>>> print(open('start31.pdb').read())   # PDB, C-alpha atoms
ATOM      1  CA  MET A  21     111.065 113.765  85.638
ATOM      2  CA  GLU A  22     114.432 113.865  87.433
ATOM      3  CA  SER A  23     113.580 117.219  89.011
ATOM      4  CA  GLN A  24     110.244 115.788  90.164
ATOM      5  CA  ARG A  25     112.038 112.860  91.795
ATOM      6  CA  LYS A  26     114.440 115.185  93.605
ATOM      7  CA  ASP A  27     111.513 117.260  94.850
ATOM      8  CA  MET A  28     109.685 114.085  95.938
ATOM      9  CA  VAL A  29     112.698 112.982  97.978
ATOM     10  CA  LEU A  30     113.202 116.408  99.541
ATOM     11  CA  ARG A  31     109.600 117.045 100.505
ATOM     12  CA  GLN A  32     108.028 113.624 100.995
ATOM     13  CA  LEU A  33     110.983 111.634 102.341
ATOM     14  CA  GLU A  34     113.594 113.856 103.959
ATOM     15  CA  GLY A  35     110.800 116.128 105.132
ATOM     16  CA  ARG A  36     109.254 113.189 107.023
ATOM     17  CA  GLY A  37     112.444 111.901 108.583
ATOM     18  CA  ILE A  38     113.912 109.376 106.150
ATOM     19  CA  ARG A  39     117.661 109.622 106.844
ATOM     20  CA  ASP A  40     119.316 106.598 105.192
ATOM     21  CA  GLU A  41     121.402 108.205 102.430
ATOM     22  CA  ARG A  42     121.424 105.023 100.334
ATOM     23  CA  VAL A  43     117.623 104.853 100.427
ATOM     24  CA  LEU A  44     117.337 108.536  99.509
ATOM     25  CA  ALA A  45     119.766 108.058  96.612
ATOM     26  CA  ALA A  46     117.823 105.016  95.359
ATOM     27  CA  MET A  47     114.545 106.928  95.473
ATOM     28  CA  ARG A  48     116.135 109.782  93.521
ATOM     29  CA  LYS A  49     117.393 107.359  90.872
ATOM     30  CA  VAL A  50     114.565 104.865  90.197
ATOM     31  CA  PRO A  51     112.200 106.219  87.484
ATOM     32  CA  ARG A  52     108.864 105.763  89.240
ATOM     33  CA  HIS A  53     106.951 107.025  86.187
ATOM     34  CA  ILE A  54     108.005 103.917  84.224
ATOM     35  CA  PHE A  55     106.127 101.742  86.732
ATOM     36  CA  VAL A  56     102.914 103.812  86.736
ATOM     37  CA  PRO A  57     100.043 103.140  84.260
ATOM     38  CA  ALA A  58      99.798 105.603  81.379
ATOM     39  CA  ALA A  59      96.620 107.145  82.780
ATOM     40  CA  GLN A  60      98.458 107.944  86.034
ATOM     41  CA  GLN A  61     101.687 109.316  84.507
ATOM     42  CA  ALA A  62     101.072 112.908  85.591
ATOM     43  CA  ALA A  63     100.691 111.737  89.195
ATOM     44  CA  SER A  64     103.808 109.536  89.225
ATOM     45  CA  TYR A  65     105.604 111.532  91.917
ATOM     46  CA  ASN A  66     102.580 112.580  93.951
ATOM     47  CA  ASP A  67     102.423 111.919  97.686
ATOM     48  CA  GLY A  68     100.178 108.865  97.678
ATOM     49  CA  PRO A  69      99.481 105.389  96.290
ATOM     50  CA  LEU A  70      98.188 104.938  92.739
ATOM     51  CA  PRO A  71      96.046 102.178  91.164
ATOM     52  CA  ILE A  72      97.882  99.720  88.912
ATOM     53  CA  GLY A  73      94.920  97.480  88.034
ATOM     54  CA  HIS A  74      93.552  94.200  89.435
ATOM     55  CA  GLY A  75      92.613  95.956  92.685
ATOM     56  CA  GLN A  76      96.267  96.626  93.527
ATOM     57  CA  THR A  77      98.298  99.815  94.026
ATOM     58  CA  ILE A  78     101.820 101.165  93.753
ATOM     59  CA  SER A  79     102.658 102.256  97.300
ATOM     60  CA  GLN A  80     103.121 105.849  98.407
ATOM     61  CA  PRO A  81     106.787 106.872  97.925
ATOM     62  CA  TYR A  82     107.232 107.551 101.648
ATOM     63  CA  ILE A  83     106.051 104.055 102.583
ATOM     64  CA  VAL A  84     108.444 102.449 100.077
ATOM     65  CA  ALA A  85     111.332 104.493 101.496
ATOM     66  CA  LEU A  86     110.346 103.805 105.112
ATOM     67  CA  MET A  87     110.158 100.045 104.583
ATOM     68  CA  CYS A  88     113.500 100.030 102.767
ATOM     69  CA  GLU A  89     115.088 102.038 105.584
ATOM     70  CA  LEU A  90     113.709  99.637 108.201
ATOM     71  CA  LEU A  91     115.317  96.706 106.355
ATOM     72  CA  GLU A  92     118.813  98.125 107.100
ATOM     73  CA  LEU A  93     120.178  96.804 103.807
ATOM     74  CA  SER A  94     123.761  96.504 102.667
ATOM     75  CA  ARG A  95     125.051  95.796  99.159
ATOM     76  CA  GLU A  96     125.854  92.178 100.160
ATOM     77  CA  ASN A  97     122.293  91.332 101.201
ATOM     78  CA  LYS A  98     119.843  88.907  99.608
ATOM     79  CA  VAL A  99     116.272  90.233  99.782
ATOM     80  CA  LEU A 100     112.842  88.709  99.261
ATOM     81  CA  GLU A 101     109.878  90.965  98.474
ATOM     82  CA  ILE A 102     106.315  89.712  98.802
ATOM     83  CA  GLY A 103     103.914  91.545  96.494
ATOM     84  CA  ALA A 104     105.754  92.660  93.381
ATOM     85  CA  GLY A 105     102.846  94.675  92.039
ATOM     86  CA  CYS A 106     104.214  96.807  89.204
ATOM     87  CA  GLY A 107     107.840  96.183  90.225
ATOM     88  CA  TYR A 108     108.707  99.648  91.578
ATOM     89  CA  ALA A 109     109.748  98.710  95.115
ATOM     90  CA  ALA A 110     111.814  95.805  93.752
ATOM     91  CA  ALA A 111     113.743  98.293  91.617
ATOM     92  CA  VAL A 112     114.466 100.418  94.696
ATOM     93  CA  LEU A 113     115.588  97.284  96.562
ATOM     94  CA  ALA A 114     117.869  96.393  93.644
ATOM     95  CA  GLU A 115     119.727  99.679  94.238
ATOM     96  CA  LEU A 116     120.310  98.675  97.857
ATOM     97  CA  ALA A 117     121.036  94.927  97.865
ATOM     98  CA  HIS A 118     123.045  92.310  95.992
ATOM     99  CA  GLU A 119     120.136  90.044  95.030
ATOM    100  CA  VAL A 120     116.400  90.700  94.891
ATOM    101  CA  ILE A 121     113.652  88.125  94.412
ATOM    102  CA  THR A 122     110.072  89.363  94.293
ATOM    103  CA  ILE A 123     106.903  87.245  94.407
ATOM    104  CA  GLU A 124     103.543  88.194  92.884
ATOM    105  CA  ARG A 125     100.497  85.921  93.050
ATOM    106  CA  MET A 126      98.673  87.509  90.072
ATOM    107  CA  PRO A 127     100.134  86.340  86.723
ATOM    108  CA  GLU A 128      99.175  89.591  84.956
ATOM    109  CA  LEU A 129     100.981  91.715  87.517
ATOM    110  CA  ALA A 130     103.995  89.386  87.609
ATOM    111  CA  GLU A 131     104.370  89.867  83.871
ATOM    112  CA  LEU A 132     103.869  93.629  84.218
ATOM    113  CA  ALA A 133     106.581  93.764  86.896
ATOM    114  CA  ARG A 134     108.996  91.854  84.642
ATOM    115  CA  LYS A 135     108.386  94.231  81.740
ATOM    116  CA  ASN A 136     108.681  97.346  83.892
ATOM    117  CA  LEU A 137     111.880  96.165  85.573
ATOM    118  CA  LEU A 138     113.487  95.414  82.201
ATOM    119  CA  LYS A 139     112.417  98.776  80.818
ATOM    120  CA  ALA A 140     113.763 100.603  83.870
ATOM    121  CA  GLY A 141     117.113  98.813  83.710
ATOM    122  CA  TYR A 142     116.791  96.119  86.389
ATOM    123  CA  PRO A 143     117.002  92.822  84.468
ATOM    124  CA  ASP A 144     118.582  90.919  87.363
ATOM    125  CA  VAL A 145     115.542  91.154  89.648
ATOM    126  CA  ARG A 146     113.792  87.777  89.642
ATOM    127  CA  VAL A 147     109.985  87.876  89.506
ATOM    128  CA  ILE A 148     108.215  84.695  90.601
ATOM    129  CA  CYS A 149     104.469  84.077  90.298
ATOM    130  CA  ALA A 150     103.474  82.177  93.457
ATOM    131  CA  ASP A 151     101.796  82.403  96.877
ATOM    132  CA  GLY A 152     103.950  84.998  98.621
ATOM    133  CA  SER A 153     102.613  84.154 102.083
ATOM    134  CA  LEU A 154     104.713  80.979 101.863
ATOM    135  CA  GLY A 155     107.877  82.868 100.932
ATOM    136  CA  CYS A 156     110.468  81.251  98.707
ATOM    137  CA  PRO A 157     111.928  78.288 100.622
ATOM    138  CA  ASP A 158     114.114  77.128  97.721
ATOM    139  CA  GLU A 159     116.053  80.404  97.889
ATOM    140  CA  ALA A 160     116.151  80.824 101.693
ATOM    141  CA  PRO A 161     117.661  82.035 103.919
ATOM    142  CA  PHE A 162     117.337  85.775 103.327
ATOM    143  CA  ASP A 163     119.007  88.743 104.975
ATOM    144  CA  ALA A 164     115.761  90.673 104.670
ATOM    145  CA  ILE A 165     112.127  90.109 103.700
ATOM    146  CA  VAL A 166     109.614  92.868 102.993
ATOM    147  CA  VAL A 167     105.888  92.349 102.559
ATOM    148  CA  ALA A 168     103.819  94.873 100.583
ATOM    149  CA  ALA A 169     100.437  93.523 101.700
ATOM    150  CA  GLY A 170      98.667  93.275 105.030
ATOM    151  CA  ALA A 171      98.648  89.917 106.828
ATOM    152  CA  PRO A 172      96.247  88.779 109.583
ATOM    153  CA  ALA A 173      99.304  87.449 111.452
ATOM    154  CA  THR A 174     102.997  87.152 110.636
ATOM    155  CA  PRO A 175     103.436  84.078 108.395
ATOM    156  CA  ASP A 176     105.639  81.558 110.154
ATOM    157  CA  ALA A 177     107.083  80.545 106.772
ATOM    158  CA  LEU A 178     108.572  84.027 106.344
ATOM    159  CA  LYS A 179     110.061  84.109 109.832
ATOM    160  CA  GLN A 180     111.687  80.722 109.271
ATOM    161  CA  GLN A 181     113.268  81.909 106.002
ATOM    162  CA  LEU A 182     115.219  84.704 107.707
ATOM    163  CA  LYS A 183     118.891  84.350 108.508
ATOM    164  CA  THR A 184     119.824  84.906 112.139
ATOM    165  CA  GLY A 185     120.067  88.671 112.362
ATOM    166  CA  GLY A 186     117.725  89.038 109.394
ATOM    167  CA  ARG A 187     114.909  91.583 109.263
ATOM    168  CA  LEU A 188     111.274  91.121 108.239
ATOM    169  CA  VAL A 189     109.160  94.239 107.607
ATOM    170  CA  ILE A 190     105.462  93.453 107.346
ATOM    171  CA  PRO A 191     102.038  95.078 107.902
ATOM    172  CA  VAL A 192      99.937  92.974 110.304
ATOM    173  CA  GLY A 193      96.367  93.502 111.478
ATOM    174  CA  SER A 194      93.071  91.735 112.144
ATOM    175  CA  ASN A 195      91.354  94.089 109.653
ATOM    176  CA  SER A 196      92.241  93.267 106.042
ATOM    177  CA  ARG A 197      92.471  96.989 105.174
ATOM    178  CA  SER A 198      94.271  98.428 108.231
ATOM    179  CA  GLN A 199      97.468  97.202 109.855
ATOM    180  CA  GLU A 200     100.423  98.003 112.083
ATOM    181  CA  LEU A 201     103.817  97.988 110.388
ATOM    182  CA  LEU A 202     106.225  95.669 112.193
ATOM    183  CA  ARG A 203     109.950  95.094 111.973
ATOM    184  CA  ILE A 204     110.800  91.591 113.165
ATOM    185  CA  ARG A 205     114.433  90.663 113.750
ATOM    186  CA  ARG A 206     115.544  87.044 114.052
ATOM    187  CA  LEU A 207     117.787  86.697 117.093
ATOM    188  CA  SER A 208     118.321  82.920 117.049
ATOM    189  CA  ASP A 209     116.708  79.709 115.788
ATOM    190  CA  THR A 210     113.744  80.291 118.094
ATOM    191  CA  ASP A 211     113.844  83.928 119.222
ATOM    192  CA  TYR A 212     112.555  87.049 117.445
ATOM    193  CA  ASP A 213     112.308  90.703 118.412
ATOM    194  CA  THR A 214     109.315  92.725 117.187
ATOM    195  CA  GLU A 215     109.287  96.522 116.869
ATOM    196  CA  PRO A 216     105.998  98.302 115.994
ATOM    197  CA  GLN A 217     106.469 101.143 113.496
ATOM    198  CA  GLY A 218     103.028 102.735 113.290
ATOM    199  CA  GLU A 219      99.717 102.327 111.483
ATOM    200  CA  VAL A 220      99.533 101.674 107.735
ATOM    201  CA  ALA A 221      96.922 100.597 105.180
ATOM    202  CA  PHE A 222      97.818  97.932 102.602
ATOM    203  CA  VAL A 223      95.820  95.656 100.353
ATOM    204  CA  PRO A 224      95.382  92.187 101.893
ATOM    205  CA  LEU A 225      98.046  89.481 101.724
ATOM    206  CA  VAL A 226      96.087  86.640 100.127
ATOM    207  CA  GLY A 227      97.404  83.090 100.465
ATOM    208  CA  ALA A 228      97.832  79.994 102.604
ATOM    209  CA  GLU A 229      99.319  82.022 105.486
ATOM    210  CA  GLY A 230      97.387  85.197 104.674
ATOM    211  CA  TRP A 231      93.766  86.100 104.024
ATOM    212  CA  PRO A 232      91.444  83.845 101.993
ATOM    213  CA  ASP A 233      90.375  85.196  98.607
ATOM    214  CA  GLU A 234      86.801  85.919  99.719
ATOM    215  CA  SER A 235      87.817  88.019 102.745
ATOM    216  CA  TYR A 236      87.958  91.412 101.003
TER     217      TYR A 236
END
>>> encode(input="start31.pdb", output="structure tokens")
Amino acid sequence: MESQRKDMVLRQLEGRGIRDERVLAAMRKVPRHIFVPAAQQAASYNDGPLPIGHGQTISQPYIVALMCELLELSRENKVLEIGAGCGYAAAVLAELAHEVITIERMPELAELARKNLLKAGYPDVRVICADGSLGCPDEAPFDAIVVAAGAPATPDALKQQLKTGGRLVIPVGSNSRSQELLRIRRLSDTDYDTEPQGEVAFVPLVGAEGWPDESY
């Protein structure tokens, strides 16, 4: 599996322009196959998303690496992830930051993420079952927030939970299945800078500041 990870990083990540050496090292290290359902094991390091049940997916390796690179993380950072899924991206984040909290709205997936993270050697990642569109105000502010689901608009709750200088990476679009990836940087109490990063396709962000349950 290690050789497959190295090949994945070389071809899928470096080959597409991922340059952050810490992100590349994290992607080489985290055992993606542990986070993939048994029926998908052979495809663990393929170039694409995979189903993990409950209508959700584990993201394509390139997208995980791209979003991590856009976060500009340092070892001192505190990070919030919205959409734990199977826990894979949280494990990658744990290689890059000091503290990682990940939120998953589906209890079954939250429990799956906990089990996978423990099995893979990341017991310090905190998995919370809650409405991720509202963030985690009790633990704010964060140096970085990453959202692994598409929102109809950027949730104000997430913007407010950023430190000044903090980065929010989020897919946003009026279609619940197609979005533009944005990096939003907090400049001051009231000012933000938004940088579009290209088109992506994520499952919908469901919640109070996301899509309603019946929208997809």
>>> closest_atom_pairs(input="start31.pdb", of="stretch 70-140 of chain A", to="stretch 178-193 of chain A", cutoff="12 Å", atoms="only C-alpha atoms", output="Markdown table")
| residue | atom | partner | partner_atom | distance |
| --- | --- | --- | --- | --- |
| A:Ile83 | CA | A:Pro191 | CA | 11.2 |
| A:Val84 | CA | A:Val189 | CA | 11.2 |
| A:Leu86 | CA | A:Val189 | CA | 10.0 |
| A:Met87 | CA | A:Val189 | CA | 6.6 |
| A:Cys88 | CA | A:Val189 | CA | 8.7 |
| A:Glu89 | CA | A:Val189 | CA | 10.0 |
| A:Leu90 | CA | A:Val189 | CA | 7.1 |
| A:Leu91 | CA | A:Arg187 | CA | 5.9 |
| A:Glu92 | CA | A:Arg187 | CA | 7.9 |
| A:Leu93 | CA | A:Arg187 | CA | 9.2 |
| A:Ser94 | CA | A:Gly186 | CA | 11.7 |
| A:Asn97 | CA | A:Gly186 | CA | 9.7 |
| A:Lys98 | CA | A:Gly186 | CA | 10.0 |
| A:Val99 | CA | A:Arg187 | CA | 9.7 |
| A:Leu100 | CA | A:Leu188 | CA | 9.4 |
| A:Glu101 | CA | A:Val189 | CA | 9.7 |
| A:Ile102 | CA | A:Ile190 | CA | 9.4 |
| A:Gly103 | CA | A:Ile190 | CA | 11.1 |
>>> write_last_selection(input="start31.pdb", atoms="C-alpha atoms", output="JSON list (two decimals), keeping the file's coordinate frame")
[["chain", "number", "residue", "atom", "x", "y", "z"],
["A", 83, "ILE", "CA", 106.05, 104.06, 102.58],
["A", 84, "VAL", "CA", 108.44, 102.45, 100.08],
["A", 86, "LEU", "CA", 110.35, 103.80, 105.11],
["A", 87, "MET", "CA", 110.16, 100.04, 104.58],
["A", 88, "CYS", "CA", 113.50, 100.03, 102.77],
["A", 89, "GLU", "CA", 115.09, 102.04, 105.58],
["A", 90, "LEU", "CA", 113.71, 99.64, 108.20],
["A", 91, "LEU", "CA", 115.32, 96.71, 106.36],
["A", 92, "GLU", "CA", 118.81, 98.12, 107.10],
["A", 93, "LEU", "CA", 120.18, 96.80, 103.81],
["A", 94, "SER", "CA", 123.76, 96.50, 102.67],
["A", 97, "ASN", "CA", 122.29, 91.33, 101.20],
["A", 98, "LYS", "CA", 119.84, 88.91, 99.61],
["A", 99, "VAL", "CA", 116.27, 90.23, 99.78],
["A", 100, "LEU", "CA", 112.84, 88.71, 99.26],
["A", 101, "GLU", "CA", 109.88, 90.96, 98.47],
["A", 102, "ILE", "CA", 106.32, 89.71, 98.80],
["A", 103, "GLY", "CA", 103.91, 91.54, 96.49]]
>>> closest_residue(input="start31.pdb", among="A:Gly227, A:Pro81, A:Pro216, A:Gly107", to="A:Arg146", atoms="all atoms listed in the file")
A:Gly107
>>> closest_residue(input="start31.pdb", among="A:Lys26, A:Arg206, A:Arg31, A:Lys135", to="A:Ala46", atoms="only C-alpha atoms")
A:Lys26
>>> residues_around(input="start31.pdb", residues="stretch 218-225 of chain A", least_positions_apart="3", cutoff="6 Å", atoms="all atoms listed in the file", output="list in words")
Ala169, Gly170, Ala171, Ser196, Arg197, Ser198, Gln199, Glu200, Leu201, Gly230 and Trp231 of chain A
>>> residues_around(input="start31.pdb", residues="A:Pro69", least_positions_apart="5", cutoff="10 Å", atoms="all atoms listed in the file", output="list in words")
Ala63, Ser64, Gln76, Thr77, Ile78, Ser79, Gln80, Pro81, Tyr82, Ile83 and Phe222 of chain A
>>> write_last_selection(input="start31.pdb", atoms="C-alpha atoms", output="PDB file, keeping the file's coordinate frame")
ATOM      1  CA  ALA A  63     100.691 111.737  89.195  1.00  0.00           C
ATOM      2  CA  SER A  64     103.808 109.536  89.225  1.00  0.00           C
ATOM      3  CA  GLN A  76      96.267  96.626  93.527  1.00  0.00           C
ATOM      4  CA  THR A  77      98.298  99.815  94.026  1.00  0.00           C
ATOM      5  CA  ILE A  78     101.820 101.165  93.753  1.00  0.00           C
ATOM      6  CA  SER A  79     102.658 102.256  97.300  1.00  0.00           C
ATOM      7  CA  GLN A  80     103.121 105.849  98.407  1.00  0.00           C
ATOM      8  CA  PRO A  81     106.787 106.872  97.925  1.00  0.00           C
ATOM      9  CA  TYR A  82     107.232 107.551 101.648  1.00  0.00           C
ATOM     10  CA  ILE A  83     106.051 104.055 102.583  1.00  0.00           C
ATOM     11  CA  PHE A 222      97.818  97.932 102.602  1.00  0.00           C
TER      12      PHE A 222
END
>>> closest_residue(input="start31.pdb", among="A:Ala85, A:Ala110, A:Leu70, A:Ala177", to="A:Arg39", atoms="all atoms listed in the file")
A:Ala85
>>> decode(input="start31.pdb", residues="stretch 163-202 of chain A", atoms="N, CA and C atoms", output="short mmCIF file (atom, residue, chain, number, x, y, z; two decimals), in the first residue's frame")
data_model
loop_
_atom_site.label_atom_id
_atom_site.label_comp_id
_atom_site.auth_asym_id
_atom_site.auth_seq_id
_atom_site.Cartn_x
_atom_site.Cartn_y
_atom_site.Cartn_z
N ASP A 163 -7.72 28.98 13.19
CA ASP A 163 -6.78 29.47 12.19
C ASP A 163 -7.24 29.12 10.78
N ALA A 164 -7.94 28.00 10.67
CA ALA A 164 -8.41 27.56 9.36
C ALA A 164 -9.66 26.71 9.51
N ILE A 165 -10.55 26.83 8.52
CA ILE A 165 -11.77 26.02 8.44
C ILE A 165 -11.87 25.49 7.02
N VAL A 166 -12.16 24.20 6.90
CA VAL A 166 -12.34 23.59 5.58
C VAL A 166 -13.67 22.87 5.55
N VAL A 167 -14.39 23.04 4.45
CA VAL A 167 -15.73 22.48 4.32
C VAL A 167 -15.76 21.47 3.18
N ALA A 168 -16.10 20.23 3.48
CA ALA A 168 -16.10 19.16 2.48
C ALA A 168 -17.51 18.88 1.98
N ALA A 169 -18.28 19.95 1.76
CA ALA A 169 -19.63 19.84 1.22
C ALA A 169 -19.99 21.19 0.62
N GLY A 170 -20.83 21.17 -0.41
CA GLY A 170 -21.15 22.39 -1.13
C GLY A 170 -22.26 23.19 -0.49
N ALA A 171 -22.00 24.48 -0.27
CA ALA A 171 -22.98 25.37 0.36
C ALA A 171 -23.63 26.28 -0.68
N PRO A 172 -24.89 26.69 -0.47
CA PRO A 172 -25.53 27.63 -1.38
C PRO A 172 -24.93 29.03 -1.27
N ALA A 173 -24.38 29.34 -0.10
CA ALA A 173 -23.68 30.60 0.15
C ALA A 173 -22.73 30.33 1.33
N THR A 174 -21.75 31.18 1.50
CA THR A 174 -20.80 30.97 2.60
C THR A 174 -21.49 31.22 3.93
N PRO A 175 -21.56 30.23 4.81
CA PRO A 175 -22.21 30.44 6.12
C PRO A 175 -21.52 31.54 6.92
N ASP A 176 -22.30 32.51 7.35
CA ASP A 176 -21.73 33.61 8.13
C ASP A 176 -21.12 33.09 9.43
N ALA A 177 -21.71 32.04 10.00
CA ALA A 177 -21.19 31.47 11.25
C ALA A 177 -19.74 31.04 11.08
N LEU A 178 -19.39 30.46 9.93
CA LEU A 178 -18.03 30.00 9.71
C LEU A 178 -17.08 31.17 9.54
N LYS A 179 -17.50 32.19 8.83
CA LYS A 179 -16.65 33.37 8.66
C LYS A 179 -16.35 34.03 10.00
N GLN A 180 -17.36 34.09 10.86
CA GLN A 180 -17.20 34.74 12.16
C GLN A 180 -16.30 33.94 13.10
N GLN A 181 -16.13 32.65 12.83
CA GLN A 181 -15.31 31.81 13.72
C GLN A 181 -13.84 31.75 13.30
N LEU A 182 -13.49 32.49 12.25
CA LEU A 182 -12.09 32.60 11.84
C LEU A 182 -11.35 33.63 12.67
N LYS A 183 -10.10 33.35 12.98
CA LYS A 183 -9.22 34.38 13.51
C LYS A 183 -8.93 35.40 12.40
N THR A 184 -8.53 36.60 12.77
CA THR A 184 -8.03 37.53 11.77
C THR A 184 -6.79 36.92 11.13
N GLY A 185 -6.79 36.87 9.82
CA GLY A 185 -5.73 36.18 9.10
C GLY A 185 -6.07 34.74 8.78
N GLY A 186 -7.15 34.24 9.35
CA GLY A 186 -7.55 32.85 9.15
C GLY A 186 -8.10 32.60 7.75
N ARG A 187 -8.06 31.34 7.34
CA ARG A 187 -8.48 30.94 6.01
C ARG A 187 -9.65 29.97 6.06
N LEU A 188 -10.64 30.21 5.22
CA LEU A 188 -11.78 29.31 5.05
C LEU A 188 -11.78 28.81 3.61
N VAL A 189 -11.75 27.49 3.43
CA VAL A 189 -11.82 26.90 2.09
C VAL A 189 -13.15 26.16 1.99
N ILE A 190 -13.97 26.56 1.02
CA ILE A 190 -15.34 26.06 0.95
C ILE A 190 -15.85 26.04 -0.49
N PRO A 191 -16.58 24.98 -0.88
CA PRO A 191 -17.26 24.97 -2.18
C PRO A 191 -18.61 25.69 -2.05
N VAL A 192 -18.87 26.64 -2.96
CA VAL A 192 -20.11 27.42 -2.91
C VAL A 192 -20.74 27.45 -4.30
N GLY A 193 -22.06 27.21 -4.36
CA GLY A 193 -22.75 27.30 -5.63
C GLY A 193 -24.25 27.19 -5.48
N SER A 194 -24.99 27.78 -6.41
CA SER A 194 -26.45 27.78 -6.33
C SER A 194 -27.04 26.43 -6.71
N ASN A 195 -26.23 25.55 -7.33
CA ASN A 195 -26.64 24.18 -7.63
C ASN A 195 -26.07 23.28 -6.54
N SER A 196 -26.91 22.43 -5.94
CA SER A 196 -26.46 21.62 -4.81
C SER A 196 -25.46 20.54 -5.19
N ARG A 197 -25.18 20.37 -6.49
CA ARG A 197 -24.22 19.34 -6.92
C ARG A 197 -23.03 19.92 -7.70
N SER A 198 -22.95 21.22 -7.85
CA SER A 198 -21.84 21.84 -8.57
C SER A 198 -21.51 23.17 -7.91
N GLN A 199 -20.22 23.40 -7.66
CA GLN A 199 -19.82 24.59 -6.92
C GLN A 199 -18.52 25.18 -7.46
N GLU A 200 -18.19 26.36 -6.94
CA GLU A 200 -16.86 26.94 -7.14
C GLU A 200 -16.13 26.88 -5.80
N LEU A 201 -14.89 26.41 -5.83
CA LEU A 201 -14.10 26.34 -4.61
C LEU A 201 -13.55 27.73 -4.30
N LEU A 202 -13.78 28.19 -3.08
CA LEU A 202 -13.34 29.51 -2.66
C LEU A 202 -12.36 29.41 -1.50
#
